[in-house]
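Chemist: Here it is, the structure in full.
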Amino acid sequence: MSTKNIIHPSAIVAPTAKLGTNVSIGAYSIVGENVILENNVTLKSHVCVEGHTIIGEGTIIYPFAAIGTAPQDLKYAGEESRLIVGKNCSIREHVTMHTGTKDGGMETRTGDNCLFMVGVHLAHDCTIGNNVIMANNATLGGHVVVGNNVLIGGLSAVHQFIRIGDFAVIGGMSGVESDVIPYGRVKGERASLAGLNIIGLERSGFERADVRIMQKAFTQLFSDKNTLDKRIKEVENDFSENESVQKIIEFAKVKSRFPLCQPQKQKKAS
């Protein structure tokens, strides 16, 4: 296999940009002076990559994506913040990803093997895990943290500083304004917790017995008895030997700017 880089004559690549081997840069694409394209990266036509940006090995970026541009933050004053994209990601048409800010660690980062569908937006200082899928036009506000194996449905919007745990699923057209527990399933215009991501867990190889235990813990954690803090302690003790439940508890115990996303309250019959 050839390891020669292929750069279309109409592409503009800054002399100081660093290219690995077997890099392909399509027609009318622009690569900025502080960009690093690792081995086997492909930029289709009309791709713009700028800023202090690293594109991981094997990642493919499709036409009209704008990657590594300055954050949409009025406090941003040109500091040399970064964007780091993981390995083997697919970044589809019209995706936008911004670099970080000084108030957010100076870095926006994605994990490996992620799929960002058409029109997805990653704002400044977001941290994305591995194997994340964001469907068409899904949007993350600044400082959002997304765990591994998360699915975010199309046209969804996640408020800044929200945390989304591993294996969670966000239904399409949801507005997420509170933290989503690992394995959680949320949906709605103002998203509420609708249960566990059962289908996703089964597809990911979780044992049915383990899922049943998680469901039992979920019911106890979000019951109407006592305060949430007391229920967290009870579930932590009652399911101390279950690793998946303990992951939910560890997430729930972290003090955050936002509360946990809760199930929708059932209306009492009159």
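By order of appearance in the structure tokens: chains A, B, ..., then residues from 1 within every chain, and ligands from 1 in the order shown.
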I'd like the neighbourhood of Gly195 (chain A) as a CSV table (one decimal) with N, CA and C atoms, in the first residue's frame, where a residue qualifies if any of its atoms comes within 9 Å (using only C-alpha atoms), though same-chain residues fewer than 3 positions away should be ignored.

Modeler:
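So selection21.csv came out as:
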chain,number,residue,atom,x,y,z
A,183,TYR,N,-26.0,4.6,31.5
A,183,TYR,CA,-27.1,3.6,31.1
A,183,TYR,C,-28.5,4.2,31.0
A,184,GLY,N,-28.6,5.6,31.2
A,184,GLY,CA,-29.9,6.2,31.2
A,184,GLY,C,-30.5,6.4,29.8
A,185,ARG,N,-31.8,6.5,29.8
A,185,ARG,CA,-32.5,6.8,28.5
A,185,ARG,C,-33.4,8.0,28.8
A,186,VAL,N,-33.1,9.1,28.1
A,186,VAL,CA,-33.9,10.3,28.3
A,186,VAL,C,-34.5,10.8,27.0
A,198,ILE,N,-32.1,-0.1,27.7
A,198,ILE,CA,-32.1,-1.6,27.7
A,198,ILE,C,-31.6,-2.2,26.4
A,215,GLN,N,-32.1,-2.5,36.7
A,215,GLN,CA,-33.5,-2.0,36.7
A,215,GLN,C,-34.0,-1.9,38.1
A,218,PHE,N,-32.4,1.0,39.7
A,218,PHE,CA,-32.9,2.3,39.1
A,218,PHE,C,-34.3,2.6,39.8
A,219,THR,N,-35.1,1.6,39.9
A,219,THR,CA,-36.4,1.9,40.5
A,219,THR,C,-36.3,2.4,42.0
A,263,PRO,N,-37.0,10.9,36.4
A,263,PRO,CA,-38.2,10.5,35.6
A,263,PRO,C,-39.3,11.5,35.8

Chemist: Give the helix (DSSP H, G or I) residues of region 8-246 of chain A, as DSSP finds them on the backbone, and put them as an NGL selection string.

Modeler: :A and (102-104 or 198-203 or 208-221 or 228-238 or 243-246)

Chemist: Closest to Asn237 (chain A) among A:Val169, A:Leu221, A:Leu140, A:Val85, using only C-alpha atoms?

Modeler: A:Leu221

Chemist: Could you tell me how far CA of Leu19 (chain A) sits from CA of Thr53 (chain A), in Å to one decimal place?

Modeler: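 Interatomic distance here is 12.0 Å.
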
Chemist: Figure out the distance between CA of Pro259 (chain A) and CA of Gly119 (chain A), please, to one decimal in Å.

Modeler: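 CA of Gly119 (chain A) sits 28.6 Å away from CA of Pro259 (chain A).
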
Chemist: So that I can check the surroundings of Ala252 (chain A), please list as an MDAnalysis selection string every protein, DNA and RNA residue that reaches within 8 Å of it, counting only C-alpha atoms and ignoring chain neighbours fewer than 4 positions away.

Modeler: chainID A and resid 181 232 248 260

Chemist: Could you turn the residues from that selection into a file that holds C-alpha atoms, as a PDB file, in the first residue's frame?

Modeler:
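And here's selection_27.pdb as it stands now:
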ATOM      1  CA  ILE A 181     -26.820   8.859  34.611  1.00  0.00           C
ATOM      2  CA  ILE A 232     -28.125   7.055  46.819  1.00  0.00           C
ATOM      3  CA  ILE A 248     -24.364   4.959  38.446  1.00  0.00           C
ATOM      4  CA  LEU A 260     -29.670  14.569  37.917  1.00  0.00           C
TER       5      LEU A 260
END

Chemist: Excluding Arg109 (chain A) and its own-chain neighbours fewer than 5 positions away, which residues fall within 6 Å of it when counting only C-alpha atoms? Please give them as a PDB file with N, CA and C atoms, in the first residue's frame.

Modeler:
ATOM      1  N   LEU A  83      -7.951  21.685  19.821  1.00  0.00           N
ATOM      2  CA  LEU A  83      -8.964  20.678  19.527  1.00  0.00           C
ATOM      3  C   LEU A  83      -8.223  19.390  19.203  1.00  0.00           C
ATOM      4  N   ILE A  84      -8.601  18.303  19.876  1.00  0.00           N
ATOM      5  CA  ILE A  84      -7.986  17.008  19.612  1.00  0.00           C
ATOM      6  C   ILE A  84      -9.086  16.025  19.233  1.00  0.00           C
ATOM      7  N   VAL A  85      -8.995  15.495  18.023  1.00  0.00           N
ATOM      8  CA  VAL A  85      -9.972  14.523  17.519  1.00  0.00           C
ATOM      9  C   VAL A  85      -9.317  13.148  17.549  1.00  0.00           C
ATOM     10  N   THR A 127     -15.767  17.396  26.190  1.00  0.00           N
ATOM     11  CA  THR A 127     -14.966  16.176  26.256  1.00  0.00           C
ATOM     12  C   THR A 127     -15.867  15.006  25.896  1.00  0.00           C
TER      13      THR A 127
END

Chemist: Let me make sure I understand: among A:His94, A:Lys225, A:His124, A:His52, which one has the smallest atom-to-atom distance to Tyr76 (chain A) if we use only C-alpha atoms?

Modeler: A:His124

Chemist: Among the residues of region 86-164 of chain A, find those DSSP assigns to strand (DSSP E) from the backbone and print them as number ranges by chain.

Modeler: A: 90-91, 96-98, 107-109, 115-116, 121-122, 127-128, 133-134, 139-140, 145-146, 151-152, 157-158, 163-164

Chemist: I want to know what sits within 10 Å of Ile54 (chain A), based on only C-alpha atoms, with residues of the same chain fewer than 2 positions away left out; could you give that as an mmCIF file with C-alpha atoms, in the first residue's frame?

Modeler:
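Below is the file out-v6.cif, written as the result:
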data_model
loop_
_atom_site.group_PDB
_atom_site.id
_atom_site.type_symbol
_atom_site.label_atom_id
_atom_site.label_comp_id
_atom_site.auth_asym_id
_atom_site.auth_seq_id
_atom_site.Cartn_x
_atom_site.Cartn_y
_atom_site.Cartn_z
ATOM 1 C CA LYS A 18 2.358 18.472 10.009
ATOM 2 C CA ASN A 34 -0.848 24.680 13.489
ATOM 3 C CA VAL A 35 -2.723 21.588 12.313
ATOM 4 C CA ILE A 36 -1.488 18.019 12.713
ATOM 5 C CA LEU A 37 -3.005 15.324 10.495
ATOM 6 C CA GLU A 38 -1.910 11.907 11.693
ATOM 7 C CA VAL A 49 -9.154 22.478 9.507
ATOM 8 C CA GLU A 50 -7.470 25.287 11.417
ATOM 9 C CA GLY A 51 -6.358 26.317 14.895
ATOM 10 C CA HIS A 52 -4.153 24.190 17.153
ATOM 11 C CA GLY A 56 -6.272 11.328 14.916
ATOM 12 C CA GLU A 57 -5.129 8.459 12.755
ATOM 13 C CA ILE A 67 -12.879 21.897 12.365
ATOM 14 C CA GLY A 68 -10.733 23.734 14.932
ATOM 15 C CA ARG A 82 -6.671 23.147 21.207
ATOM 16 C CA LEU A 83 -8.964 20.678 19.527
ATOM 17 C CA ILE A 84 -7.986 17.008 19.612
ATOM 18 C CA VAL A 85 -9.972 14.523 17.519
ATOM 19 C CA GLY A 86 -9.488 10.810 18.213
ATOM 20 C CA ARG A 109 -11.436 16.580 22.804
#

Chemist: Quick one: residues within 12 Å of Ile133 (chain A), only C-alpha atoms, excluding same-chain residues fewer than 4 positions away - as a PyMOL selection string?

Modeler: chain A and resi 89-92+110-118+120+128-129+137-139+146-154+167-170

Chemist: Keeping only N, CA and C atoms, write the selected residues as a tab-separated table (two decimals), in the first residue's frame.

Modeler:
chain	number	residue	atom	x	y	z
A	89	CYS	N	-12.38	8.31	13.58
A	89	CYS	CA	-13.67	8.99	13.66
A	89	CYS	C	-14.18	9.30	12.26
A	90	SER	N	-15.49	9.45	12.15
A	90	SER	CA	-16.12	9.88	10.91
A	90	SER	C	-16.85	11.18	11.19
A	91	ILE	N	-16.41	12.24	10.52
A	91	ILE	CA	-16.97	13.58	10.72
A	91	ILE	C	-17.66	13.97	9.42
A	92	ARG	N	-18.98	14.00	9.46
A	92	ARG	CA	-19.73	14.17	8.22
A	92	ARG	C	-19.92	15.64	7.85
A	110	THR	N	-12.30	14.75	21.47
A	110	THR	CA	-13.16	13.60	21.22
A	110	THR	C	-12.35	12.33	21.37
A	111	GLY	N	-13.04	11.23	21.70
A	111	GLY	CA	-12.39	9.93	21.77
A	111	GLY	C	-12.26	9.29	20.41
A	112	ASP	N	-12.04	7.99	20.40
A	112	ASP	CA	-11.84	7.22	19.17
A	112	ASP	C	-13.16	6.62	18.69
A	113	ASN	N	-13.20	6.32	17.40
A	113	ASN	CA	-14.30	5.56	16.80
A	113	ASN	C	-15.66	6.24	16.97
A	114	CYS	N	-15.66	7.56	16.87
A	114	CYS	CA	-16.91	8.32	17.00
A	114	CYS	C	-17.49	8.64	15.63
A	115	LEU	N	-18.80	8.76	15.58
A	115	LEU	CA	-19.49	9.17	14.36
A	115	LEU	C	-20.26	10.45	14.65
A	116	PHE	N	-19.89	11.50	13.92
A	116	PHE	CA	-20.57	12.79	14.04
A	116	PHE	C	-21.30	13.03	12.73
A	117	MET	N	-22.61	12.89	12.73
A	117	MET	CA	-23.38	12.96	11.50
A	117	MET	C	-23.56	14.42	11.05
A	118	VAL	N	-24.27	14.60	9.96
A	118	VAL	CA	-24.39	15.89	9.30
A	118	VAL	C	-24.85	16.99	10.27
A	120	VAL	N	-23.63	18.26	13.01
A	120	VAL	CA	-23.36	18.19	14.45
A	120	VAL	C	-22.47	19.36	14.87
A	128	ILE	N	-15.51	14.30	24.83
A	128	ILE	CA	-16.34	13.22	24.30
A	128	ILE	C	-15.58	11.91	24.44
A	129	GLY	N	-16.26	10.85	24.89
A	129	GLY	CA	-15.63	9.56	25.05
A	129	GLY	C	-15.48	8.80	23.74
A	137	ASN	N	-27.50	17.05	13.24
A	137	ASN	CA	-27.82	18.34	13.84
A	137	ASN	C	-27.91	18.31	15.37
A	138	ALA	N	-27.37	17.29	16.00
A	138	ALA	CA	-27.27	17.30	17.46
A	138	ALA	C	-26.23	18.32	17.88
A	139	THR	N	-26.46	18.98	19.01
A	139	THR	CA	-25.63	20.11	19.43
A	139	THR	C	-25.23	19.98	20.89
A	146	VAL	N	-19.28	13.95	27.79
A	146	VAL	CA	-20.03	12.79	27.30
A	146	VAL	C	-19.17	11.55	27.50
A	147	GLY	N	-19.74	10.51	28.11
A	147	GLY	CA	-19.01	9.28	28.37
A	147	GLY	C	-18.85	8.42	27.13
A	148	ASN	N	-18.44	7.17	27.34
A	148	ASN	CA	-18.24	6.22	26.25
A	148	ASN	C	-19.55	5.59	25.82
A	149	ASN	N	-19.62	5.22	24.54
A	149	ASN	CA	-20.75	4.44	24.00
A	149	ASN	C	-22.09	5.15	24.18
A	150	VAL	N	-22.09	6.45	24.03
A	150	VAL	CA	-23.31	7.26	24.15
A	150	VAL	C	-23.89	7.51	22.77
A	151	LEU	N	-25.21	7.49	22.68
A	151	LEU	CA	-25.93	7.83	21.45
A	151	LEU	C	-26.77	9.07	21.71
A	152	ILE	N	-26.57	10.12	20.90
A	152	ILE	CA	-27.33	11.35	21.03
A	152	ILE	C	-28.15	11.53	19.75
A	153	GLY	N	-29.46	11.52	19.90
A	153	GLY	CA	-30.36	11.54	18.75
A	153	GLY	C	-30.35	12.85	17.98
A	154	GLY	N	-30.87	12.81	16.78
A	154	GLY	CA	-30.88	13.95	15.90
A	154	GLY	C	-31.67	15.13	16.45
A	167	PHE	N	-22.90	4.78	28.07
A	167	PHE	CA	-23.99	3.95	27.55
A	167	PHE	C	-25.37	4.62	27.64
A	168	ALA	N	-25.41	5.93	27.86
A	168	ALA	CA	-26.69	6.63	27.86
A	168	ALA	C	-27.18	6.84	26.43
A	169	VAL	N	-28.49	7.03	26.29
A	169	VAL	CA	-29.06	7.35	24.99
A	169	VAL	C	-29.98	8.55	25.16
A	170	ILE	N	-29.82	9.51	24.25
A	170	ILE	CA	-30.64	10.72	24.25
A	170	ILE	C	-31.58	10.64	23.05

Chemist: Looking at only C-alpha atoms, which of A:Val23, A:Val254, A:Ala217, A:Ala77 is the one that sits closest to Ile61 (chain A)?

Modeler: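 Nearest to Ile61 (chain A): A:Val23.
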
Chemist: Using only C-alpha atoms, can you tell me which of A:Thr3, A:Ala70, A:Pro15, A:Lys44 comes closest to Gly32 (chain A)?

Modeler: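 Of A:Thr3, A:Ala70, A:Pro15, A:Lys44, the one nearest Gly32 (chain A) is A:Pro15, counting only C-alpha atoms.
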
Chemist: What lies within 9 Å of Val211 (chain A) using only C-alpha atoms, ignoring chain neighbours under 6 positions off, as a ChimeraX atom specification?

Modeler: /A:196,198,201-202,244

Chemist: Of the candidates A:Ala191, A:Gly172, A:Ile164, A:Ile199, which shows the shortest atom-to-atom distance to Asn136 (chain A), using only C-alpha atoms?

Modeler: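 That would be A:Gly172, the residue with the smallest distance to Asn136 (chain A).
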